[in-house]
Amino acid sequence: MNHKPNILLLYTGGTIGMMRSSQTGSLKPFNFDKLLRKIPEIKLLDCSVETISLHPPIDSSNMCPTHWIAIAELIESNYDKFDGFVVLHGSDTMSYTSSALSFMFENLEKPIVFTGSQLPIGDLRTDAKENLITAIQIAALQKNGKAVIQEVSLYFEYKLYRANRTTKINAEQFQAFASLNYPPLAESGVHLKVFEENILKRDESKLKVHKELDTCIGLLKIFPGIRPDFIKHYLSTPQLKGLVLETFGSGNAPSEDWFVNTLETSIKSGLMIVNVTQCSGGSVAMGQYETSERLKQIGLISGKDITTESALAKLMFLLPRYKDAKDFKINFERAVCGEISEN
Ligand code: ASP
């Protein structure tokens, strides 16, 4: 007899389970368990579903690394009891949380599928039901007794993406996410099509959950006219250990001496600076233009085609592990869990 998969549904907050305040009309998290009882479709699924909630559920704009750790611990403590996990999360910072979890769960053999919605599950025109039901079905997919998708993913509006490749691109359309540098893992239409060639291949090693993250990092987006005193002030933030520098195009930046010298001084004093493009798609290729040649020479780390969300999570994850600048650079430029293309 076939084993019926059991799925853990973890509600962390976000629009999907929010209710409108009758006084102000603004949305705030609600008791998701109560709302879920109004969705009879859950009972029709070919798997059993149990729910737990983060206490209290929050709007994802309030999510921070301590919540990421709390979510990871909830999954870790239930890991052996369930076949798959669906994390309901606000879309605003879903790409950040899910990227972080992809680094934290080493040797993951069960799916962790993030989803949410643009409209609350109780709204007439909601996108929540489809997102929720298909996310559960994906988490329950099995082949030869093993999970089909053994990685952290994000399902939204008919597409399943590798979570650490996603970015929220739209605040109102149902298609809120994109993964411009990596193809989808699955697509939901009349049939649920899984693109096996895009899925991470796992060996049989034992799960390790890493909970040490270093938050002494920053994000700096350059712009034409950026002033030397602004950058100097920014880089002199006490205890700053890592920085994601969002540059133009394929990793280009002003080639003026003051700019490059300021970065060089910080790198020499131990700051790890990762070059990530401001473009939504494509890759950093330092040295392609004169305006990125010196960045390469002074030792900027290439973020290649990584997203900013993923680069921030990767910095937090790698900083406690690699103290030596050379080791750090090698490991940042290498894929940990499919977040960066290696060539
Ligand atoms: N502000 C909400 C959140 O991120 C938006 C959403 O759920 O999509 O929690």
# chains A, B, ... in the order shown; residues from 1 in each chain; ligands from 1

$ closest_atom_pairs --of "chain A" --to "ligand 1" --cutoff "10 Å" --atoms "only C-alpha atoms and all ligand atoms" --output "tab-separated table"
residue	atom	partner	partner_atom_place_in_ligand_line	distance
A:Thr12	CA	ligand 1	9 (O)	8.8
A:Gly13	CA	ligand 1	9 (O)	6.1
A:Gly14	CA	ligand 1	9 (O)	3.4
A:Thr15	CA	ligand 1	7 (O)	3.6
A:Ile16	CA	ligand 1	7 (O)	6.1
A:Gly17	CA	ligand 1	7 (O)	8.3
A:Met18	CA	ligand 1	7 (O)	8.1
A:Leu27	CA	ligand 1	1 (N)	8.3
A:Lys28	CA	ligand 1	9 (O)	8.6
A:Pro29	CA	ligand 1	9 (O)	8.3
A:Pro57	CA	ligand 1	9 (O)	9.4
A:Ile58	CA	ligand 1	9 (O)	6.7
A:Asp59	CA	ligand 1	9 (O)	3.5
A:Ser60	CA	ligand 1	9 (O)	3.7
A:Ser61	CA	ligand 1	4 (O)	5.6
A:Asn62	CA	ligand 1	9 (O)	7.9
A:Met63	CA	ligand 1	9 (O)	8.6
A:Leu88	CA	ligand 1	7 (O)	9.0
A:His89	CA	ligand 1	7 (O)	6.5
A:Gly90	CA	ligand 1	7 (O)	3.2
A:Ser91	CA	ligand 1	8 (O)	3.7
A:Asp92	CA	ligand 1	4 (O)	3.7
A:Thr93	CA	ligand 1	4 (O)	5.9
A:Met94	CA	ligand 1	4 (O)	7.2
A:Thr115	CA	ligand 1	8 (O)	9.4
A:Gly116	CA	ligand 1	7 (O)	6.2
A:Ser117	CA	ligand 1	8 (O)	5.4
A:Gln118	CA	ligand 1	8 (O)	4.9
A:Leu119	CA	ligand 1	8 (O)	7.5
A:Pro120	CA	ligand 1	7 (O)	8.2
A:Lys168	CA	ligand 1	8 (O)	9.6
A:Ala171	CA	ligand 1	8 (O)	7.9
A:Glu172	CA	ligand 1	8 (O)	9.0
A:Phe174	CA	ligand 1	8 (O)	9.9
A:Ala176	CA	ligand 1	8 (O)	8.7

$ write_last_selection --atoms "N, CA, C and O atoms" --output "compact mmCIF listing (two decimals), in the first residue's frame"
# COMPACT_ATOMS: atom_id res chain seq x y z
N THR A 12 3.55 31.75 8.94
CA THR A 12 4.40 32.73 9.62
C THR A 12 3.77 34.11 9.62
O THR A 12 4.23 35.00 10.32
N GLY A 13 2.75 34.29 8.78
CA GLY A 13 2.10 35.59 8.66
C GLY A 13 1.93 35.93 7.19
O GLY A 13 2.05 35.07 6.33
N GLY A 14 1.68 37.20 6.91
CA GLY A 14 1.52 37.62 5.51
C GLY A 14 0.07 37.68 5.10
O GLY A 14 -0.82 37.11 5.76
N THR A 15 -0.15 38.33 3.97
CA THR A 15 -1.50 38.60 3.46
C THR A 15 -2.38 37.36 3.41
O THR A 15 -3.57 37.43 3.69
N ILE A 16 -1.79 36.22 3.04
CA ILE A 16 -2.58 35.01 2.85
C ILE A 16 -3.53 34.75 4.03
O ILE A 16 -4.68 34.36 3.83
N GLY A 17 -3.07 35.01 5.23
CA GLY A 17 -3.92 34.75 6.40
C GLY A 17 -4.37 36.01 7.10
O GLY A 17 -4.74 35.97 8.27
N MET A 18 -4.32 37.14 6.41
CA MET A 18 -4.68 38.40 7.06
C MET A 18 -6.18 38.70 6.93
O MET A 18 -6.84 38.20 6.03
N LEU A 27 -4.65 45.66 6.55
CA LEU A 27 -4.57 44.21 6.73
C LEU A 27 -3.63 43.84 7.87
O LEU A 27 -2.54 44.39 7.98
N LYS A 28 -4.06 42.90 8.71
CA LYS A 28 -3.13 42.40 9.73
C LYS A 28 -3.32 40.90 9.95
O LYS A 28 -4.40 40.35 9.70
N PRO A 29 -2.21 40.22 10.39
CA PRO A 29 -2.28 38.76 10.54
C PRO A 29 -3.40 38.30 11.47
O PRO A 29 -3.75 38.99 12.42
N PRO A 57 2.00 35.46 14.42
CA PRO A 57 2.30 35.60 12.99
C PRO A 57 2.56 37.07 12.67
O PRO A 57 1.99 37.96 13.30
N ILE A 58 3.44 37.31 11.71
CA ILE A 58 3.83 38.70 11.45
C ILE A 58 3.77 39.06 9.96
O ILE A 58 3.85 38.18 9.10
N ASP A 59 3.66 40.33 9.71
CA ASP A 59 3.84 40.84 8.35
C ASP A 59 5.33 40.61 8.04
O ASP A 59 6.20 40.84 8.87
N SER A 60 5.62 40.17 6.83
CA SER A 60 7.01 39.76 6.57
C SER A 60 7.99 40.94 6.56
O SER A 60 9.19 40.73 6.57
N SER A 61 7.49 42.16 6.59
CA SER A 61 8.41 43.30 6.69
C SER A 61 9.04 43.34 8.08
O SER A 61 10.04 44.02 8.29
N ASN A 62 8.45 42.62 9.02
CA ASN A 62 9.04 42.54 10.36
C ASN A 62 9.93 41.32 10.55
O ASN A 62 10.45 41.09 11.63
N MET A 63 10.09 40.52 9.49
CA MET A 63 10.93 39.31 9.59
C MET A 63 12.38 39.70 9.74
O MET A 63 12.86 40.61 9.06
N LEU A 88 4.00 29.34 4.80
CA LEU A 88 3.19 30.47 4.34
C LEU A 88 3.81 31.74 4.89
O LEU A 88 3.98 31.88 6.11
N HIS A 89 4.13 32.64 3.99
CA HIS A 89 4.98 33.77 4.35
C HIS A 89 4.53 34.99 3.55
O HIS A 89 4.10 34.86 2.40
N GLY A 90 4.63 36.16 4.11
CA GLY A 90 4.33 37.38 3.35
C GLY A 90 5.26 37.47 2.15
O GLY A 90 6.42 37.06 2.22
N SER A 91 4.74 38.03 1.07
CA SER A 91 5.56 38.05 -0.14
C SER A 91 6.67 39.10 -0.08
O SER A 91 7.68 38.98 -0.77
N ASP A 92 6.51 40.12 0.77
CA ASP A 92 7.48 41.23 0.77
C ASP A 92 8.92 40.75 0.97
O ASP A 92 9.83 41.21 0.29
N THR A 93 9.12 39.88 1.93
CA THR A 93 10.51 39.44 2.19
C THR A 93 10.65 37.92 2.03
O THR A 93 11.58 37.32 2.57
N MET A 94 9.73 37.33 1.28
CA MET A 94 9.77 35.88 1.10
C MET A 94 11.08 35.40 0.46
O MET A 94 11.64 34.36 0.82
N THR A 115 5.22 29.81 0.07
CA THR A 115 4.20 30.46 -0.75
C THR A 115 3.46 31.50 0.09
O THR A 115 3.68 31.62 1.29
N GLY A 116 2.61 32.24 -0.58
CA GLY A 116 1.83 33.29 0.07
C GLY A 116 0.82 33.76 -0.94
O GLY A 116 0.44 33.00 -1.84
N SER A 117 0.41 35.00 -0.85
CA SER A 117 -0.53 35.49 -1.86
C SER A 117 -0.57 37.00 -1.86
O SER A 117 -0.09 37.65 -0.92
N GLN A 118 -1.18 37.54 -2.89
CA GLN A 118 -1.33 39.00 -2.98
C GLN A 118 -2.64 39.45 -2.34
O GLN A 118 -2.77 40.59 -1.95
N LEU A 119 -3.62 38.52 -2.29
CA LEU A 119 -4.90 38.84 -1.65
C LEU A 119 -5.17 37.83 -0.53
O LEU A 119 -4.80 36.65 -0.66
N PRO A 120 -5.81 38.25 0.55
CA PRO A 120 -6.10 37.32 1.65
C PRO A 120 -6.94 36.13 1.18
O PRO A 120 -7.73 36.26 0.24
N LYS A 168 11.09 39.54 -5.56
CA LYS A 168 9.73 40.06 -5.71
C LYS A 168 9.79 41.21 -6.71
O LYS A 168 10.55 42.16 -6.53
N ALA A 171 4.29 44.54 -6.84
CA ALA A 171 3.56 44.70 -5.58
C ALA A 171 2.05 44.53 -5.75
O ALA A 171 1.32 44.52 -4.78
N GLU A 172 1.59 44.41 -6.99
CA GLU A 172 0.15 44.22 -7.14
C GLU A 172 -0.29 43.10 -8.07
O GLU A 172 -1.36 42.56 -7.89
N PHE A 174 -0.62 39.37 -9.62
CA PHE A 174 -0.54 38.05 -9.00
C PHE A 174 0.81 37.40 -9.27
O PHE A 174 1.33 36.65 -8.47
N ALA A 176 3.94 37.85 -8.73
CA ALA A 176 4.74 38.78 -7.92
C ALA A 176 6.23 38.47 -7.94
O ALA A 176 7.04 39.30 -7.56

$ select_by_dssp --residues "region 74-220 of chain A" --states "strand (DSSP E or B)" --output "ChimeraX atom specification"
/A:84-88,105-106,112-115,142-143,146-147,152-156,159-162,167-168,177-178,186-188,192-194,208-209,217-220

$ closest_residue --among "A:Met272, A:Leu141, A:Cys64, A:Leu213" --to "Asp46 (chain A)" --atoms "only C-alpha atoms"
A:Leu141

$ residues_around --residues "Glu106 (chain A)" --least-positions-apart "3" --cutoff "9 Å" --atoms "only C-alpha atoms" --output "list of chain:residue names"
A:Ser102, A:Phe103, A:Ser205, A:Lys206, A:Leu207, A:Lys208, A:Val209, A:His210, A:Val336, A:Cys337

$ write_last_selection --atoms "N, CA and C atoms" --output "CSV table (one decimal), in the first residue's frame"
chain,number,residue,atom,x,y,z
A,102,SER,N,17.6,28.2,2.5
A,102,SER,CA,18.3,27.3,1.6
A,102,SER,C,19.8,27.1,2.0
A,103,PHE,N,20.4,28.1,2.6
A,103,PHE,CA,21.8,27.9,3.1
A,103,PHE,C,21.8,27.2,4.4
A,205,SER,N,23.7,12.3,2.2
A,205,SER,CA,24.3,12.7,3.5
A,205,SER,C,23.2,13.2,4.5
A,206,LYS,N,23.6,13.2,5.7
A,206,LYS,CA,22.6,13.5,6.8
A,206,LYS,C,22.3,15.0,6.9
A,207,LEU,N,21.1,15.4,7.2
A,207,LEU,CA,20.7,16.8,7.3
A,207,LEU,C,21.5,17.5,8.4
A,208,LYS,N,22.0,18.7,8.0
A,208,LYS,CA,22.6,19.6,9.0
A,208,LYS,C,21.9,20.9,9.0
A,209,VAL,N,21.5,21.4,10.1
A,209,VAL,CA,20.8,22.7,10.1
A,209,VAL,C,21.8,23.8,10.7
A,210,HIS,N,22.2,24.7,9.9
A,210,HIS,CA,23.1,25.8,10.4
A,210,HIS,C,22.3,27.0,10.9
A,336,VAL,N,26.6,27.0,-3.2
A,336,VAL,CA,26.4,26.2,-2.0
A,336,VAL,C,25.1,25.4,-2.3
A,337,CYS,N,24.1,26.0,-2.8
A,337,CYS,CA,22.8,25.3,-3.1
A,337,CYS,C,22.1,25.8,-4.3

$ closest_residue --among "A:Ala140, A:Arg125, A:Ser98, A:Leu132" --to "Ile7 (chain A)" --atoms "only C-alpha atoms"
A:Ala140

$ select_by_dssp --residues "region 75-218 of chain A" --states "helix (DSSP H, G or I)" --output "ChimeraX atom specification"
/A:75-78,94-104,128-139,163-165,196-198

$ write_last_selection --atoms "C-alpha atoms" --output "CSV table (one decimal), in the first residue's frame"
chain,number,residue,atom,x,y,z
A,75,ILE,CA,11.1,22.5,10.6
A,76,GLU,CA,14.0,20.8,12.1
A,77,SER,CA,12.1,19.5,15.1
A,78,ASN,CA,9.4,18.2,12.8
A,94,MET,CA,9.8,35.9,1.1
A,95,SER,CA,12.8,35.8,-1.2
A,96,TYR,CA,15.1,36.8,1.7
A,97,THR,CA,13.8,34.2,4.2
A,98,SER,CA,13.6,31.4,1.7
A,99,SER,CA,17.2,32.2,0.4
A,100,ALA,CA,18.4,32.1,4.0
A,101,LEU,CA,16.8,28.8,4.7
A,102,SER,CA,18.3,27.3,1.6
A,103,PHE,CA,21.8,27.9,3.1
A,104,MET,CA,20.7,26.9,6.6
A,128,ALA,CA,-4.2,32.3,-2.1
A,129,LYS,CA,-6.2,29.1,-2.7
A,130,GLU,CA,-4.3,28.1,-5.9
A,131,ASN,CA,-1.0,29.0,-4.4
A,132,LEU,CA,-1.7,27.1,-1.2
A,133,ILE,CA,-3.2,24.0,-2.7
A,134,THR,CA,-0.5,23.6,-5.4
A,135,ALA,CA,2.3,24.3,-2.9
A,136,ILE,CA,1.0,21.4,-0.7
A,137,GLN,CA,0.7,19.1,-3.8
A,138,ILE,CA,4.3,19.9,-4.7
A,139,ALA,CA,5.5,19.3,-1.2
A,163,ALA,CA,13.9,30.1,-3.7
A,164,ASN,CA,17.3,31.5,-3.7
A,165,ARG,CA,17.0,32.7,-7.3
A,196,GLU,CA,13.7,17.4,-13.4
A,197,GLU,CA,16.8,18.7,-15.1
A,198,ASN,CA,16.5,22.0,-13.2

$ residues_around --residues "region 323-332 of chain A" --least-positions-apart "2" --cutoff "10 Å" --atoms "only C-alpha atoms" --output "list in words"
Ile267, Lys268, Gly270, Leu271, Met272, Ile273, Val274, Gly299, Leu300, Ile301, Ser302, Gly303, Lys304, Ala311, Lys314, Leu315, Leu318, Leu319, Pro320, Arg321, Arg334, Ala335, Val336 and Ile340 of chain A

$ write_last_selection --atoms "C-alpha atoms" --output "mmCIF file, in the first residue's frame"
data_model
loop_
_atom_site.group_PDB
_atom_site.id
_atom_site.type_symbol
_atom_site.label_atom_id
_atom_site.label_comp_id
_atom_site.auth_asym_id
_atom_site.auth_seq_id
_atom_site.Cartn_x
_atom_site.Cartn_y
_atom_site.Cartn_z
ATOM 1 C CA ILE A 267 38.980 45.529 1.878
ATOM 2 C CA LYS A 268 42.502 45.837 3.335
ATOM 3 C CA GLY A 270 39.032 43.078 6.423
ATOM 4 C CA LEU A 271 35.692 43.994 4.844
ATOM 5 C CA MET A 272 34.317 41.366 2.426
ATOM 6 C CA ILE A 273 32.728 43.229 -0.478
ATOM 7 C CA VAL A 274 30.548 41.355 -2.951
ATOM 8 C CA GLY A 299 39.802 41.997 -4.602
ATOM 9 C CA LEU A 300 36.062 42.519 -4.871
ATOM 10 C CA ILE A 301 34.210 39.216 -4.707
ATOM 11 C CA SER A 302 32.136 38.482 -7.792
ATOM 12 C CA GLY A 303 28.476 37.865 -7.019
ATOM 13 C CA LYS A 304 28.114 36.684 -10.643
ATOM 14 C CA ALA A 311 23.876 37.491 -1.570
ATOM 15 C CA LYS A 314 25.012 34.030 1.846
ATOM 16 C CA LEU A 315 27.155 36.711 3.496
ATOM 17 C CA LEU A 318 29.549 32.363 5.257
ATOM 18 C CA LEU A 319 30.949 35.059 7.563
ATOM 19 C CA PRO A 320 31.021 32.851 10.663
ATOM 20 C CA ARG A 321 32.573 30.013 8.623
ATOM 21 C CA ARG A 334 31.114 28.800 -5.534
ATOM 22 C CA ALA A 335 27.523 27.490 -5.385
ATOM 23 C CA VAL A 336 26.366 26.217 -1.990
ATOM 24 C CA ILE A 340 24.945 31.153 -8.259
#

$ residues_around --residues "region 234-251 of chain A" --least-positions-apart "5" --cutoff "7 Å" --atoms "only C-alpha atoms" --output "PDB file with C-alpha atoms, in the first residue's frame"
ATOM      1  CA  CYS A 216      27.074  42.657  10.695  1.00  0.00           C
ATOM      2  CA  ILE A 217      26.562  43.316   7.005  1.00  0.00           C
ATOM      3  CA  GLY A 218      25.316  46.067   4.728  1.00  0.00           C
ATOM      4  CA  LEU A 219      23.872  46.745   1.305  1.00  0.00           C
ATOM      5  CA  LEU A 220      24.944  49.730  -0.754  1.00  0.00           C
ATOM      6  CA  LYS A 221      23.404  50.605  -4.092  1.00  0.00           C
ATOM      7  CA  ILE A 222      25.566  53.033  -6.027  1.00  0.00           C
ATOM      8  CA  LEU A 271      35.692  43.994   4.844  1.00  0.00           C
ATOM      9  CA  MET A 272      34.317  41.366   2.426  1.00  0.00           C
ATOM     10  CA  ILE A 273      32.728  43.229  -0.478  1.00  0.00           C
ATOM     11  CA  VAL A 274      30.548  41.355  -2.951  1.00  0.00           C
ATOM     12  CA  ASN A 275      29.828  42.877  -6.344  1.00  0.00           C
ATOM     13  CA  VAL A 276      26.205  42.263  -7.375  1.00  0.00           C
ATOM     14  CA  THR A 277      24.494  43.865 -10.351  1.00  0.00           C
ATOM     15  CA  GLN A 278      21.578  46.268  -9.974  1.00  0.00           C
ATOM     16  CA  CYS A 279      20.027  44.683 -13.071  1.00  0.00           C
ATOM     17  CA  SER A 283      25.707  38.526 -14.344  1.00  0.00           C
ATOM     18  CA  VAL A 284      28.654  40.468 -12.983  1.00  0.00           C
ATOM     19  CA  ALA A 285      31.723  40.013 -15.185  1.00  0.00           C
ATOM     20  CA  MET A 286      34.512  42.093 -13.690  1.00  0.00           C
ATOM     21  CA  SER A 292      35.226  47.148 -13.415  1.00  0.00           C
ATOM     22  CA  ALA A 311      23.876  37.491  -1.570  1.00  0.00           C
ATOM     23  CA  LEU A 312      22.855  39.030   1.760  1.00  0.00           C
ATOM     24  CA  LEU A 315      27.155  36.711   3.496  1.00  0.00           C
TER      25      LEU A 315
END

$ closest_residue --among "A:Asp83, A:Asp214, A:Glu204, A:Glu73" --to "Val49 (chain A)" --atoms "only C-alpha atoms"
A:Asp83

$ residues_around --residues "region 178-195 of chain A" --least-positions-apart "3" --cutoff "8 Å" --atoms "only C-alpha atoms" --output "list of chain:residue names"
A:Thr134, A:Tyr158, A:Lys159, A:Leu160, A:Tyr161, A:Arg162, A:Arg165, A:Thr166, A:Thr167, A:Lys168, A:Ile169, A:Gln175, A:Asn198, A:Ile199, A:Ser280, A:Gly281, A:Gly282, A:Asp305

$ write_last_selection --atoms "all heavy atoms" --output "short mmCIF file (atom, residue, chain, number, x, y, z; two decimals), in the first residue's frame"
data_model
loop_
_atom_site.label_atom_id
_atom_site.label_comp_id
_atom_site.auth_asym_id
_atom_site.auth_seq_id
_atom_site.Cartn_x
_atom_site.Cartn_y
_atom_site.Cartn_z
N THR A 134 -1.59 24.12 -4.57
CA THR A 134 -0.53 23.56 -5.42
C THR A 134 0.78 23.44 -4.63
O THR A 134 1.52 22.46 -4.82
CB THR A 134 -0.34 24.40 -6.70
OG1 THR A 134 -1.62 24.60 -7.28
CG2 THR A 134 0.56 23.71 -7.69
N TYR A 158 1.40 29.83 -10.42
CA TYR A 158 1.63 28.73 -11.39
C TYR A 158 3.09 28.34 -11.62
O TYR A 158 3.36 27.50 -12.46
CB TYR A 158 0.95 29.03 -12.74
CG TYR A 158 -0.52 29.32 -12.58
CD1 TYR A 158 -1.03 30.58 -12.76
CD2 TYR A 158 -1.39 28.30 -12.20
CE1 TYR A 158 -2.39 30.84 -12.58
CE2 TYR A 158 -2.74 28.55 -12.01
CZ TYR A 158 -3.23 29.82 -12.21
OH TYR A 158 -4.57 30.07 -12.01
N LYS A 159 4.03 28.97 -10.90
CA LYS A 159 5.43 28.57 -11.12
C LYS A 159 6.13 28.23 -9.82
O LYS A 159 5.96 28.93 -8.81
CB LYS A 159 6.19 29.69 -11.82
CG LYS A 159 5.77 29.86 -13.28
CD LYS A 159 6.96 30.33 -14.12
CE LYS A 159 6.61 30.31 -15.58
NZ LYS A 159 6.05 31.55 -16.07
N LEU A 160 6.93 27.18 -9.90
CA LEU A 160 7.78 26.83 -8.77
C LEU A 160 9.21 27.21 -9.13
O LEU A 160 9.74 26.81 -10.17
CB LEU A 160 7.72 25.32 -8.49
CG LEU A 160 8.55 24.87 -7.28
CD1 LEU A 160 7.86 25.25 -5.96
CD2 LEU A 160 8.81 23.37 -7.30
N TYR A 161 9.83 28.01 -8.24
CA TYR A 161 11.19 28.47 -8.49
C TYR A 161 12.14 27.94 -7.43
O TYR A 161 11.71 27.65 -6.30
CB TYR A 161 11.27 30.00 -8.40
CG TYR A 161 10.34 30.75 -9.30
CD1 TYR A 161 9.21 31.40 -8.78
CD2 TYR A 161 10.59 30.85 -10.66
CE1 TYR A 161 8.36 32.13 -9.62
CE2 TYR A 161 9.74 31.57 -11.49
CZ TYR A 161 8.63 32.21 -10.96
OH TYR A 161 7.80 32.92 -11.77
N ARG A 162 13.43 27.92 -7.77
CA ARG A 162 14.43 27.73 -6.71
C ARG A 162 14.38 29.03 -5.89
O ARG A 162 14.59 30.12 -6.42
CB ARG A 162 15.82 27.53 -7.32
CG ARG A 162 16.90 27.48 -6.25
CD ARG A 162 18.20 26.92 -6.77
NE ARG A 162 17.97 25.58 -7.28
CZ ARG A 162 18.71 25.01 -8.21
NH1 ARG A 162 19.74 25.66 -8.72
NH2 ARG A 162 18.45 23.79 -8.62
N ARG A 165 16.83 31.97 -6.00
CA ARG A 165 16.99 32.65 -7.28
C ARG A 165 15.88 33.69 -7.51
O ARG A 165 15.82 34.30 -8.57
CB ARG A 165 16.93 31.62 -8.42
CG ARG A 165 18.11 30.68 -8.47
CD ARG A 165 19.35 31.42 -8.86
NE ARG A 165 20.42 30.55 -9.29
CZ ARG A 165 21.37 30.93 -10.16
NH1 ARG A 165 21.36 32.13 -10.66
NH2 ARG A 165 22.32 30.10 -10.48
N THR A 166 15.00 33.83 -6.53
CA THR A 166 13.82 34.68 -6.76
C THR A 166 13.98 36.11 -6.24
O THR A 166 14.79 36.38 -5.36
CB THR A 166 12.57 34.09 -6.08
OG1 THR A 166 12.82 34.04 -4.66
CG2 THR A 166 12.23 32.72 -6.59
N THR A 167 13.14 36.97 -6.80
CA THR A 167 13.03 38.36 -6.37
C THR A 167 11.56 38.75 -6.50
O THR A 167 10.90 38.34 -7.45
CB THR A 167 13.81 39.28 -7.36
OG1 THR A 167 15.15 38.82 -7.40
CG2 THR A 167 13.81 40.72 -6.94
N LYS A 168 11.09 39.54 -5.56
CA LYS A 168 9.73 40.06 -5.71
C LYS A 168 9.79 41.21 -6.71
O LYS A 168 10.55 42.16 -6.53
CB LYS A 168 9.18 40.55 -4.36
CG LYS A 168 7.74 41.02 -4.49
CD LYS A 168 7.07 41.31 -3.16
CE LYS A 168 5.64 41.76 -3.41
NZ LYS A 168 4.93 42.13 -2.21
N ILE A 169 9.02 41.09 -7.77
CA ILE A 169 9.11 42.09 -8.84
C ILE A 169 7.85 42.94 -8.97
O ILE A 169 7.85 43.91 -9.71
CB ILE A 169 9.38 41.42 -10.22
CG1 ILE A 169 8.40 40.26 -10.45
CG2 ILE A 169 10.82 40.98 -10.37
CD1 ILE A 169 8.03 40.06 -11.88
N GLN A 175 1.37 37.71 -10.43
CA GLN A 175 2.72 37.19 -10.70
C GLN A 175 3.73 38.11 -10.01
O GLN A 175 4.28 39.04 -10.62
CB GLN A 175 2.97 37.14 -12.20
CG GLN A 175 4.23 36.35 -12.48
CD GLN A 175 4.45 36.12 -13.96
OE1 GLN A 175 3.54 36.26 -14.77
NE2 GLN A 175 5.66 35.74 -14.29
N ASN A 198 16.20 20.70 -13.86
CA ASN A 198 16.51 21.96 -13.15
C ASN A 198 16.61 21.79 -11.63
O ASN A 198 16.92 22.73 -10.92
CB ASN A 198 15.43 23.01 -13.44
CG ASN A 198 15.35 23.33 -14.92
OD1 ASN A 198 16.30 23.09 -15.65
ND2 ASN A 198 14.22 23.87 -15.36
N ILE A 199 16.31 20.59 -11.16
CA ILE A 199 16.25 20.36 -9.72
C ILE A 199 17.62 19.97 -9.18
O ILE A 199 18.38 19.26 -9.84
CB ILE A 199 15.22 19.25 -9.42
CG1 ILE A 199 13.83 19.77 -9.80
CG2 ILE A 199 15.24 18.83 -7.98
CD1 ILE A 199 12.79 18.71 -9.78
N SER A 280 18.05 43.29 -12.95
CA SER A 280 17.31 42.14 -12.40
C SER A 280 17.78 40.83 -13.02
O SER A 280 17.61 39.77 -12.43
CB SER A 280 15.81 42.31 -12.59
OG SER A 280 15.48 43.46 -13.26
N GLY A 281 18.36 40.88 -14.22
CA GLY A 281 18.87 39.65 -14.81
C GLY A 281 20.30 39.84 -15.27
O GLY A 281 20.77 40.97 -15.39
N GLY A 282 21.00 38.74 -15.53
CA GLY A 282 22.37 38.82 -16.02
C GLY A 282 23.38 38.72 -14.90
O GLY A 282 23.02 38.53 -13.74
N ASP A 305 25.81 35.92 -10.97
CA ASP A 305 24.39 36.15 -11.25
C ASP A 305 23.50 35.95 -10.02
O ASP A 305 22.31 35.67 -10.14
CB ASP A 305 23.92 35.25 -12.40
CG ASP A 305 24.03 33.78 -12.07
OD1 ASP A 305 24.64 33.44 -11.03
OD2 ASP A 305 23.49 32.96 -12.84
#

$ atom_distance --atom1 "CA of Tyr155 (chain A)" --atom2 "CA of Phe114 (chain A)"
6.2 Å

$ closest_residue --among "A:Asn261, A:Asn144, A:Ser21, A:Gln150" --to "Pro228 (chain A)" --atoms "only C-alpha atoms"
A:Asn261

$ atom_distance --atom1 "CA of Leu10 (chain A)" --atom2 "CA of Asp80 (chain A)"
15.5 Å

$ atom_distance --atom1 "CA of Leu8 (chain A)" --atom2 "CA of Leu124 (chain A)"
25.8 Å

$ residues_around --residues "Arg294 (chain A)" --least-positions-apart "3" --cutoff "12 Å" --atoms "only C-alpha atoms" --output "PyMOL selection string"
chain A and resi 251-257+259-261+263-264+286-291+297-300

$ closest_residue --among "A:Ser341, A:Pro5, A:Glu212, A:Thr126" --to "Phe82 (chain A)" --atoms "only C-alpha atoms"
A:Pro5
